[in-house]
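Trainee: Provided below: work_36.cif, containing mmCIF, N, CA and C atoms.
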```cif
data_data
#
loop_
_atom_site.label_atom_id
_atom_site.label_comp_id
_atom_site.auth_asym_id
_atom_site.auth_seq_id
_atom_site.Cartn_x
_atom_site.Cartn_y
_atom_site.Cartn_z
N MET S 1 171.09 34.07 152.29
CA MET S 1 169.70 34.48 152.43
C MET S 1 169.36 34.76 153.90
N ILE S 2 169.76 33.87 154.80
CA ILE S 2 169.45 34.04 156.21
C ILE S 2 170.14 35.28 156.80
N PRO S 3 171.42 35.52 156.52
CA PRO S 3 172.04 36.74 157.07
C PRO S 3 171.36 38.01 156.58
N ALA S 4 170.94 38.02 155.33
CA ALA S 4 170.23 39.20 154.81
C ALA S 4 168.90 39.39 155.52
N LEU S 5 168.22 38.31 155.82
CA LEU S 5 166.95 38.38 156.54
C LEU S 5 167.16 38.92 157.95
N VAL S 6 168.18 38.43 158.62
CA VAL S 6 168.47 38.88 159.98
C VAL S 6 168.85 40.36 159.98
N LEU S 7 169.73 40.76 159.06
CA LEU S 7 170.12 42.17 158.98
C LEU S 7 168.94 43.06 158.63
N GLY S 8 168.06 42.58 157.76
CA GLY S 8 166.87 43.34 157.42
C GLY S 8 165.93 43.50 158.60
N CYS S 9 165.80 42.44 159.40
CA CYS S 9 164.96 42.51 160.60
C CYS S 9 165.54 43.45 161.64
N ILE S 10 166.86 43.58 161.67
CA ILE S 10 167.48 44.51 162.59
C ILE S 10 167.38 45.94 162.06
N TYR S 11 167.53 46.12 160.76
CA TYR S 11 167.56 47.45 160.15
C TYR S 11 166.16 48.06 160.02
N PHE S 12 165.17 47.25 159.66
CA PHE S 12 163.85 47.77 159.29
C PHE S 12 163.16 48.59 160.37
N PRO S 13 163.11 48.16 161.64
CA PRO S 13 162.37 48.97 162.62
C PRO S 13 162.90 50.40 162.77
N MET S 14 164.22 50.56 162.81
CA MET S 14 164.77 51.91 162.94
C MET S 14 164.55 52.70 161.66
N ALA S 15 164.63 52.05 160.51
CA ALA S 15 164.36 52.73 159.25
C ALA S 15 162.91 53.19 159.20
N LEU S 16 162.00 52.34 159.64
CA LEU S 16 160.59 52.70 159.69
C LEU S 16 160.36 53.87 160.64
N LEU S 17 161.01 53.84 161.78
CA LEU S 17 160.88 54.93 162.74
C LEU S 17 161.43 56.24 162.17
N ALA S 18 162.56 56.16 161.49
CA ALA S 18 163.16 57.36 160.89
C ALA S 18 162.25 57.93 159.81
N VAL S 19 161.70 57.08 158.97
CA VAL S 19 160.80 57.55 157.91
C VAL S 19 159.55 58.16 158.51
N ALA S 20 159.01 57.55 159.55
CA ALA S 20 157.80 58.08 160.18
C ALA S 20 158.07 59.42 160.85
N MET S 21 159.20 59.58 161.48
CA MET S 21 159.49 60.81 162.20
C MET S 21 159.91 61.94 161.27
N LYS S 22 160.70 61.64 160.26
CA LYS S 22 161.19 62.67 159.35
C LYS S 22 160.26 62.92 158.18
N ASP S 23 159.28 62.04 158.00
CA ASP S 23 158.25 62.21 156.97
C ASP S 23 158.83 62.27 155.55
N THR S 24 159.85 61.48 155.31
CA THR S 24 160.41 61.36 153.97
C THR S 24 161.06 59.98 153.85
N ALA S 25 160.95 59.40 152.66
CA ALA S 25 161.55 58.08 152.43
C ALA S 25 163.07 58.15 152.45
N LEU S 26 163.62 59.33 152.26
CA LEU S 26 165.08 59.50 152.29
C LEU S 26 165.66 59.22 153.67
N ALA S 27 164.82 59.22 154.70
CA ALA S 27 165.29 58.95 156.06
C ALA S 27 165.69 57.49 156.26
N ALA S 28 165.34 56.61 155.33
CA ALA S 28 165.73 55.20 155.44
C ALA S 28 167.19 54.99 155.01
N ASN S 29 167.88 56.06 154.73
CA ASN S 29 169.28 56.02 154.33
C ASN S 29 170.11 55.39 155.45
N PRO S 30 171.01 54.46 155.11
CA PRO S 30 171.86 53.86 156.13
C PRO S 30 172.71 54.87 156.90
N LEU S 31 172.99 56.01 156.30
CA LEU S 31 173.77 57.03 156.99
C LEU S 31 172.99 57.66 158.15
N ILE S 32 171.69 57.51 158.13
CA ILE S 32 170.85 57.99 159.23
C ILE S 32 170.51 56.85 160.18
N VAL S 33 170.17 55.70 159.61
CA VAL S 33 169.65 54.59 160.41
C VAL S 33 170.73 53.90 161.23
N VAL S 34 171.86 53.57 160.63
CA VAL S 34 172.89 52.81 161.34
C VAL S 34 173.46 53.59 162.53
N PRO S 35 173.78 54.89 162.38
CA PRO S 35 174.22 55.62 163.59
C PRO S 35 173.15 55.68 164.68
N ALA S 36 171.89 55.77 164.27
CA ALA S 36 170.81 55.79 165.27
C ALA S 36 170.75 54.48 166.03
N ILE S 37 170.98 53.38 165.34
CA ILE S 37 170.99 52.07 166.02
C ILE S 37 172.12 52.02 167.04
N PHE S 38 173.28 52.55 166.69
CA PHE S 38 174.43 52.49 167.59
C PHE S 38 174.37 53.53 168.70
N LYS S 39 173.46 54.49 168.61
CA LYS S 39 173.33 55.47 169.69
C LYS S 39 172.55 54.93 170.88
N ALA S 40 171.72 53.93 170.65
CA ALA S 40 170.96 53.30 171.73
C ALA S 40 170.91 51.79 171.49
N PRO S 41 172.06 51.11 171.53
CA PRO S 41 172.10 49.71 171.10
C PRO S 41 171.32 48.74 171.98
N LEU S 42 171.41 48.87 173.30
CA LEU S 42 170.72 47.91 174.17
C LEU S 42 169.20 48.09 174.09
N GLU S 43 168.77 49.33 174.13
CA GLU S 43 167.34 49.60 174.05
C GLU S 43 166.79 49.15 172.69
N TYR S 44 167.57 49.39 171.65
CA TYR S 44 167.12 48.99 170.31
C TYR S 44 167.09 47.47 170.18
N LEU S 45 168.07 46.79 170.73
CA LEU S 45 168.08 45.33 170.69
C LEU S 45 166.86 44.77 171.41
N LEU S 46 166.53 45.32 172.56
CA LEU S 46 165.34 44.90 173.29
C LEU S 46 164.08 45.16 172.46
N THR S 47 164.05 46.31 171.79
CA THR S 47 162.90 46.63 170.93
C THR S 47 162.78 45.64 169.78
N VAL S 48 163.89 45.31 169.15
CA VAL S 48 163.87 44.35 168.03
C VAL S 48 163.40 42.98 168.50
N VAL S 49 163.88 42.55 169.66
CA VAL S 49 163.45 41.25 170.20
C VAL S 49 161.95 41.27 170.51
N LEU S 50 161.48 42.35 171.12
CA LEU S 50 160.06 42.47 171.42
C LEU S 50 159.21 42.47 170.15
N LEU S 51 159.67 43.19 169.14
CA LEU S 51 158.95 43.21 167.86
C LEU S 51 158.94 41.83 167.22
N ALA S 52 160.04 41.11 167.33
CA ALA S 52 160.11 39.75 166.78
C ALA S 52 159.13 38.83 167.51
N LEU S 53 159.03 38.98 168.82
CA LEU S 53 158.08 38.16 169.58
C LEU S 53 156.64 38.47 169.17
N VAL S 54 156.33 39.74 169.02
CA VAL S 54 154.97 40.12 168.61
C VAL S 54 154.67 39.59 167.21
N MET S 55 155.63 39.69 166.31
CA MET S 55 155.41 39.18 164.95
C MET S 55 155.31 37.65 164.96
N GLY S 56 156.05 37.00 165.86
CA GLY S 56 155.93 35.55 165.98
C GLY S 56 154.55 35.13 166.46
N ILE S 57 154.03 35.86 167.43
CA ILE S 57 152.67 35.59 167.91
C ILE S 57 151.68 35.80 166.77
N ARG S 58 151.90 36.86 166.01
CA ARG S 58 151.02 37.18 164.88
C ARG S 58 151.04 36.04 163.85
N ALA S 59 152.20 35.45 163.62
CA ALA S 59 152.33 34.39 162.61
C ALA S 59 151.70 33.07 163.06
N LEU S 60 151.45 32.91 164.34
CA LEU S 60 150.87 31.65 164.84
C LEU S 60 149.38 31.52 164.55
N GLY S 61 148.71 32.61 164.28
CA GLY S 61 147.26 32.60 164.15
C GLY S 61 146.73 31.74 163.03
N GLU S 62 147.24 31.92 161.83
CA GLU S 62 146.72 31.18 160.69
C GLU S 62 146.93 29.67 160.83
N PRO S 63 148.14 29.20 161.20
CA PRO S 63 148.28 27.76 161.40
C PRO S 63 147.38 27.22 162.51
N LEU S 64 147.17 28.01 163.56
CA LEU S 64 146.28 27.58 164.64
C LEU S 64 144.84 27.44 164.15
N ILE S 65 144.37 28.41 163.40
CA ILE S 65 143.01 28.35 162.87
C ILE S 65 142.87 27.17 161.92
N HIS S 66 143.88 26.93 161.08
CA HIS S 66 143.78 25.81 160.14
C HIS S 66 143.95 24.47 160.82
N SER S 67 144.55 24.43 162.00
CA SER S 67 144.61 23.16 162.73
C SER S 67 143.26 22.86 163.39
N ILE S 68 142.54 23.91 163.77
CA ILE S 68 141.22 23.72 164.37
C ILE S 68 140.18 23.43 163.29
N PHE S 69 140.30 24.12 162.16
CA PHE S 69 139.38 23.94 161.04
C PHE S 69 140.17 23.49 159.81
N PRO S 70 140.50 22.18 159.72
CA PRO S 70 141.39 21.72 158.66
C PRO S 70 140.82 21.90 157.24
N ARG S 71 139.52 21.85 157.09
CA ARG S 71 138.95 21.99 155.74
C ARG S 71 138.71 23.46 155.40
N GLY S 72 138.79 24.31 156.39
CA GLY S 72 138.65 25.74 156.16
C GLY S 72 137.32 26.11 155.52
N ILE S 73 137.38 26.88 154.46
CA ILE S 73 136.19 27.36 153.78
C ILE S 73 135.52 26.26 152.94
N LEU S 74 136.19 25.15 152.75
CA LEU S 74 135.66 24.06 151.93
C LEU S 74 134.83 23.06 152.71
N THR S 75 134.54 23.35 153.96
CA THR S 75 133.76 22.44 154.78
C THR S 75 132.32 22.36 154.29
N HIS S 76 131.67 21.26 154.61
CA HIS S 76 130.26 21.07 154.22
C HIS S 76 129.32 21.40 155.37
N ASN S 77 129.85 21.76 156.50
CA ASN S 77 129.06 22.06 157.69
C ASN S 77 129.00 23.58 157.85
N VAL S 78 127.79 24.12 157.85
CA VAL S 78 127.62 25.57 157.93
C VAL S 78 128.12 26.10 159.27
N ASN S 79 127.91 25.38 160.35
CA ASN S 79 128.38 25.83 161.66
C ASN S 79 129.90 25.96 161.68
N LYS S 80 130.59 24.97 161.10
CA LYS S 80 132.04 25.04 161.04
C LYS S 80 132.50 26.17 160.12
N LEU S 81 131.77 26.40 159.05
CA LEU S 81 132.11 27.49 158.14
C LEU S 81 131.99 28.83 158.84
N LEU S 82 130.90 29.04 159.59
CA LEU S 82 130.72 30.29 160.32
C LEU S 82 131.75 30.43 161.43
N ALA S 83 132.07 29.35 162.11
CA ALA S 83 133.10 29.40 163.15
C ALA S 83 134.46 29.73 162.54
N PHE S 84 134.76 29.14 161.38
CA PHE S 84 136.02 29.44 160.70
C PHE S 84 136.08 30.91 160.29
N ALA S 85 134.99 31.43 159.73
CA ALA S 85 134.94 32.84 159.32
C ALA S 85 135.07 33.75 160.54
N GLY S 86 134.42 33.40 161.63
CA GLY S 86 134.52 34.20 162.85
C GLY S 86 135.91 34.19 163.43
N ALA S 87 136.52 33.01 163.47
CA ALA S 87 137.88 32.90 164.01
C ALA S 87 138.87 33.68 163.13
N THR S 88 138.68 33.61 161.82
CA THR S 88 139.55 34.35 160.91
C THR S 88 139.37 35.85 161.10
N ALA S 89 138.14 36.30 161.26
CA ALA S 89 137.88 37.73 161.46
C ALA S 89 138.48 38.21 162.78
N VAL S 90 138.30 37.45 163.84
CA VAL S 90 138.86 37.84 165.14
C VAL S 90 140.38 37.88 165.07
N TRP S 91 140.99 36.88 164.43
CA TRP S 91 142.44 36.88 164.36
C TRP S 91 142.96 38.02 163.49
N THR S 92 142.23 38.38 162.44
CA THR S 92 142.63 39.51 161.61
C THR S 92 142.61 40.80 162.42
N LEU S 93 141.60 40.99 163.24
CA LEU S 93 141.56 42.15 164.12
C LEU S 93 142.71 42.13 165.13
N MET S 94 143.04 40.94 165.63
CA MET S 94 144.17 40.81 166.55
C MET S 94 145.48 41.17 165.85
N GLU S 95 145.63 40.79 164.58
CA GLU S 95 146.83 41.14 163.83
C GLU S 95 146.97 42.65 163.69
N VAL S 96 145.87 43.34 163.43
CA VAL S 96 145.91 44.80 163.34
C VAL S 96 146.31 45.39 164.69
N TYR S 97 145.76 44.85 165.76
CA TYR S 97 146.12 45.31 167.10
C TYR S 97 147.61 45.08 167.38
N LEU S 98 148.12 43.90 167.01
CA LEU S 98 149.53 43.61 167.26
C LEU S 98 150.44 44.51 166.44
N LEU S 99 150.02 44.88 165.24
CA LEU S 99 150.80 45.84 164.47
C LEU S 99 150.80 47.21 165.16
N ALA S 100 149.68 47.59 165.74
CA ALA S 100 149.61 48.84 166.49
C ALA S 100 150.53 48.77 167.72
N VAL S 101 150.61 47.61 168.35
CA VAL S 101 151.52 47.42 169.48
C VAL S 101 152.96 47.63 169.03
N ASN S 102 153.30 47.08 167.86
CA ASN S 102 154.65 47.27 167.33
C ASN S 102 154.96 48.76 167.13
N MET S 103 154.01 49.49 166.58
CA MET S 103 154.23 50.92 166.36
C MET S 103 154.36 51.66 167.69
N ARG S 104 153.61 51.25 168.68
CA ARG S 104 153.70 51.86 170.01
C ARG S 104 155.08 51.63 170.62
N VAL S 105 155.60 50.42 170.47
CA VAL S 105 156.92 50.11 171.00
C VAL S 105 157.98 50.97 170.32
N LEU S 106 157.88 51.14 169.01
CA LEU S 106 158.83 52.00 168.30
C LEU S 106 158.69 53.45 168.77
N GLY S 107 157.47 53.89 168.97
CA GLY S 107 157.25 55.25 169.46
C GLY S 107 157.83 55.46 170.84
N LEU S 108 157.70 54.48 171.71
CA LEU S 108 158.30 54.58 173.05
C LEU S 108 159.82 54.60 172.99
N LEU S 109 160.38 53.84 172.05
CA LEU S 109 161.83 53.89 171.87
C LEU S 109 162.26 55.29 171.48
N TYR S 110 161.54 55.88 170.52
CA TYR S 110 161.90 57.24 170.11
C TYR S 110 161.72 58.23 171.25
N LEU S 111 160.61 58.12 171.96
CA LEU S 111 160.34 59.05 173.05
C LEU S 111 161.42 59.00 174.12
N SER S 112 161.88 57.81 174.43
CA SER S 112 162.88 57.68 175.49
C SER S 112 164.29 58.03 175.03
N LYS S 113 164.55 58.00 173.73
CA LYS S 113 165.91 58.23 173.23
C LYS S 113 166.01 59.36 172.21
N LYS S 114 165.03 60.26 172.18
CA LYS S 114 165.03 61.29 171.14
C LYS S 114 166.23 62.24 171.27
N HIS S 115 166.71 62.48 172.46
CA HIS S 115 167.87 63.37 172.62
C HIS S 115 169.14 62.68 172.14
N LYS S 116 169.26 61.38 172.40
CA LYS S 116 170.43 60.63 171.92
C LYS S 116 170.41 60.51 170.39
N LEU S 117 169.22 60.29 169.83
CA LEU S 117 169.13 60.14 168.37
C LEU S 117 169.44 61.47 167.68
N GLY S 118 169.01 62.56 168.24
CA GLY S 118 169.35 63.87 167.71
C GLY S 118 168.85 64.15 166.31
N TRP S 119 167.70 63.62 165.96
CA TRP S 119 167.19 63.81 164.60
C TRP S 119 166.66 65.22 164.37
N PHE S 120 166.22 65.89 165.41
CA PHE S 120 165.59 67.20 165.23
C PHE S 120 166.30 68.27 166.05
N ASP S 121 167.58 68.15 166.25
CA ASP S 121 168.34 69.18 166.95
C ASP S 121 168.68 70.29 165.97
N HIS S 122 167.97 71.38 166.07
CA HIS S 122 168.19 72.51 165.14
C HIS S 122 168.71 73.68 165.91
#
```
Let me see the file written as C-alpha cells.
Mentor:
Amino acid sequence: MIPALVLGCIYFPMALLAVAMKDTALAANPLIVVPAIFKAPLEYLLTVVLLALVMGIRALGEPLIHSIFPRGILTHNVNKLLAFAGATAVWTLMEVYLLAVNMRVLGLLYLSKKHKLGWFDH
C-alpha cells in the first residue's frame, strides 16, 4: 500500500500537468508521463517535494482547528461556534489558495522545461 501511495504521489503531478497542457485525459498515459519525469528529474523531484510540503501544510489545518475548538459545531457557546465557523471558513479559503500555489508550481515547471519535455514540437 505504501509503495503504491509513494509512486502515485510521484506520478500524479506530471500526469496532471500533461492532462492540463494536452487537454485530454489520454495524456495521463505512462508512455507520456514517465519519459517526461526522466527528462527533468531534479527539477521534478524538487517540484514533488514542494507540492508535498504544501499539501502537508494544507492537512494541518483541520487538526489545528479541532485542537483549538474541541467541541466544534456542538459547542453550547455562541461565541465559540462563530469563532469555529470563522476559522473553518478562513482555513477553507487558505486551502483553495494552497491548491492554486500547487498549480502555479506545476506551471513554472512546465514553463522552465517545455523544450526538454517536447510535448508540442510540431
Trainee: For CA of Gly107 (chain S) and atom N of Phe38 (chain S), determine how far apart the two atoms are, in Å to one decimal place.
Mentor: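 If I compute the distance from CA of Gly107 (chain S) to atom N of Phe38 (chain S), I get 16.5 Å.
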Trainee: Just how far from atom C of Val54 (chain S) is CA of Ile68 (chain S), in Å to one decimal?
Mentor: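 Spanning CA of Ile68 (chain S) to atom C of Val54 (chain S) is a straight-line distance of 21.0 Å.
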Trainee: Mind listing as a ChimeraX atom specification all residues within 8 Å of (163.6, 45.7, 165.9), counting only N, CA and C atoms?
Mentor: /S:8-14,44-52
Trainee: Carefully work through the PyMOL selection byres ((chain S and resi 116) around 8) for this structure and note down the residues it includes, as a list in words.
Mentor: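 Matching residues under the PyMOL selection byres ((chain S and resi 116) around 8) are Pro35, Ala36, Lys39, Ala40, Ser112, Lys113, Lys114, His115, Leu117, Gly118 and Trp119 of chain S.
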Trainee: Return as JSON the centre and edge lengths, in Å with one decimal, of the box along x, y and z that encloses every atom of region 31-45 of chain S in the file, padded by 6 Å per side.
Mentor:
```
{"center_x": 170.6, "center_y": 51.4, "center_z": 165.2, "size_x": 19.6, "size_y": 25.2, "size_z": 29.9}
```
Trainee: What is the distance, in Å and to one decimal place, between CA of Val19 (chain S) and CA of Leu53 (chain S)?
Mentor: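 Straight-line distance from CA of Val19 (chain S) to CA of Leu53 (chain S) works out to 22.8 Å.
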Trainee: Select from chain S everything DSSP, run on the backbone, classes as alpha helix (DSSP H), then give the selection as a PyMOL selection string.
Mentor: chain S and resi 2-22+30-39+41-68+78-117
Trainee: Return as an NGL selection string the set of residues that the PyMOL selection byres ((chain S and resi 82-93) around 7) yields on the displayed structure.
Mentor: :S and (61 or 65 or 69 or 72-73 or 77-81 or 94-98)
Trainee: Which protein, DNA or RNA residues are at most 7 Å from (157.8, 55.3, 164.6) in the file's coordinates when you count only N, CA and C atoms, listed as a list in words?
Mentor: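 Residues satisfying the cut-off, written out: Leu16, Leu17, Ala18, Val19, Ala20, Met21, Met103, Leu106 and Gly107 of chain S.
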Trainee: Have region 91-111 of chain S completed to N, CA, C and O atoms, please, and pass it along as a compact mmCIF listing (two decimals), keeping the file's coordinate frame.
Mentor:
```txt
# COMPACT_ATOMS: atom_id res chain seq x y z
N TRP S 91 140.99 36.88 164.43
CA TRP S 91 142.44 36.88 164.36
C TRP S 91 142.96 38.02 163.49
O TRP S 91 144.00 38.61 163.78
N THR S 92 142.23 38.38 162.44
CA THR S 92 142.63 39.51 161.61
C THR S 92 142.61 40.80 162.42
O THR S 92 143.52 41.63 162.31
N LEU S 93 141.60 40.99 163.24
CA LEU S 93 141.56 42.15 164.12
C LEU S 93 142.71 42.13 165.13
O LEU S 93 143.30 43.17 165.44
N MET S 94 143.04 40.94 165.63
CA MET S 94 144.17 40.81 166.55
C MET S 94 145.48 41.17 165.85
O MET S 94 146.37 41.78 166.46
N GLU S 95 145.63 40.79 164.58
CA GLU S 95 146.83 41.14 163.83
C GLU S 95 146.97 42.65 163.69
O GLU S 95 148.07 43.19 163.85
N VAL S 96 145.87 43.34 163.43
CA VAL S 96 145.91 44.80 163.34
C VAL S 96 146.31 45.39 164.69
O VAL S 96 147.13 46.31 164.76
N TYR S 97 145.76 44.85 165.76
CA TYR S 97 146.12 45.31 167.10
C TYR S 97 147.61 45.08 167.38
O TYR S 97 148.29 45.96 167.92
N LEU S 98 148.12 43.90 167.01
CA LEU S 98 149.53 43.61 167.26
C LEU S 98 150.44 44.51 166.44
O LEU S 98 151.52 44.89 166.90
N LEU S 99 150.02 44.88 165.24
CA LEU S 99 150.80 45.84 164.47
C LEU S 99 150.80 47.21 165.16
O LEU S 99 151.82 47.91 165.17
N ALA S 100 149.68 47.59 165.74
CA ALA S 100 149.61 48.84 166.49
C ALA S 100 150.53 48.77 167.72
O ALA S 100 151.17 49.77 168.08
N VAL S 101 150.61 47.61 168.35
CA VAL S 101 151.52 47.42 169.48
C VAL S 101 152.96 47.63 169.03
O VAL S 101 153.76 48.29 169.70
N ASN S 102 153.30 47.08 167.86
CA ASN S 102 154.65 47.27 167.33
C ASN S 102 154.96 48.76 167.13
O ASN S 102 156.04 49.23 167.47
N MET S 103 154.01 49.49 166.58
CA MET S 103 154.23 50.92 166.36
C MET S 103 154.36 51.66 167.69
O MET S 103 155.14 52.60 167.82
N ARG S 104 153.61 51.25 168.68
CA ARG S 104 153.70 51.86 170.01
C ARG S 104 155.08 51.63 170.62
O ARG S 104 155.67 52.54 171.21
N VAL S 105 155.60 50.42 170.47
CA VAL S 105 156.92 50.11 171.00
C VAL S 105 157.98 50.97 170.32
O VAL S 105 158.87 51.52 170.99
N LEU S 106 157.88 51.14 169.01
CA LEU S 106 158.83 52.00 168.30
C LEU S 106 158.69 53.45 168.77
O LEU S 106 159.69 54.16 168.92
N GLY S 107 157.47 53.89 168.97
CA GLY S 107 157.25 55.25 169.46
C GLY S 107 157.83 55.46 170.84
O GLY S 107 158.41 56.52 171.13
N LEU S 108 157.70 54.48 171.71
CA LEU S 108 158.30 54.58 173.05
C LEU S 108 159.82 54.60 172.99
O LEU S 108 160.47 55.30 173.77
N LEU S 109 160.38 53.84 172.05
CA LEU S 109 161.83 53.89 171.87
C LEU S 109 162.26 55.29 171.48
O LEU S 109 163.20 55.84 172.04
N TYR S 110 161.54 55.88 170.52
CA TYR S 110 161.90 57.24 170.11
C TYR S 110 161.72 58.23 171.25
O TYR S 110 162.57 59.08 171.48
N LEU S 111 160.61 58.12 171.96
CA LEU S 111 160.34 59.05 173.05
C LEU S 111 161.42 59.00 174.12
O LEU S 111 161.85 60.03 174.65
```
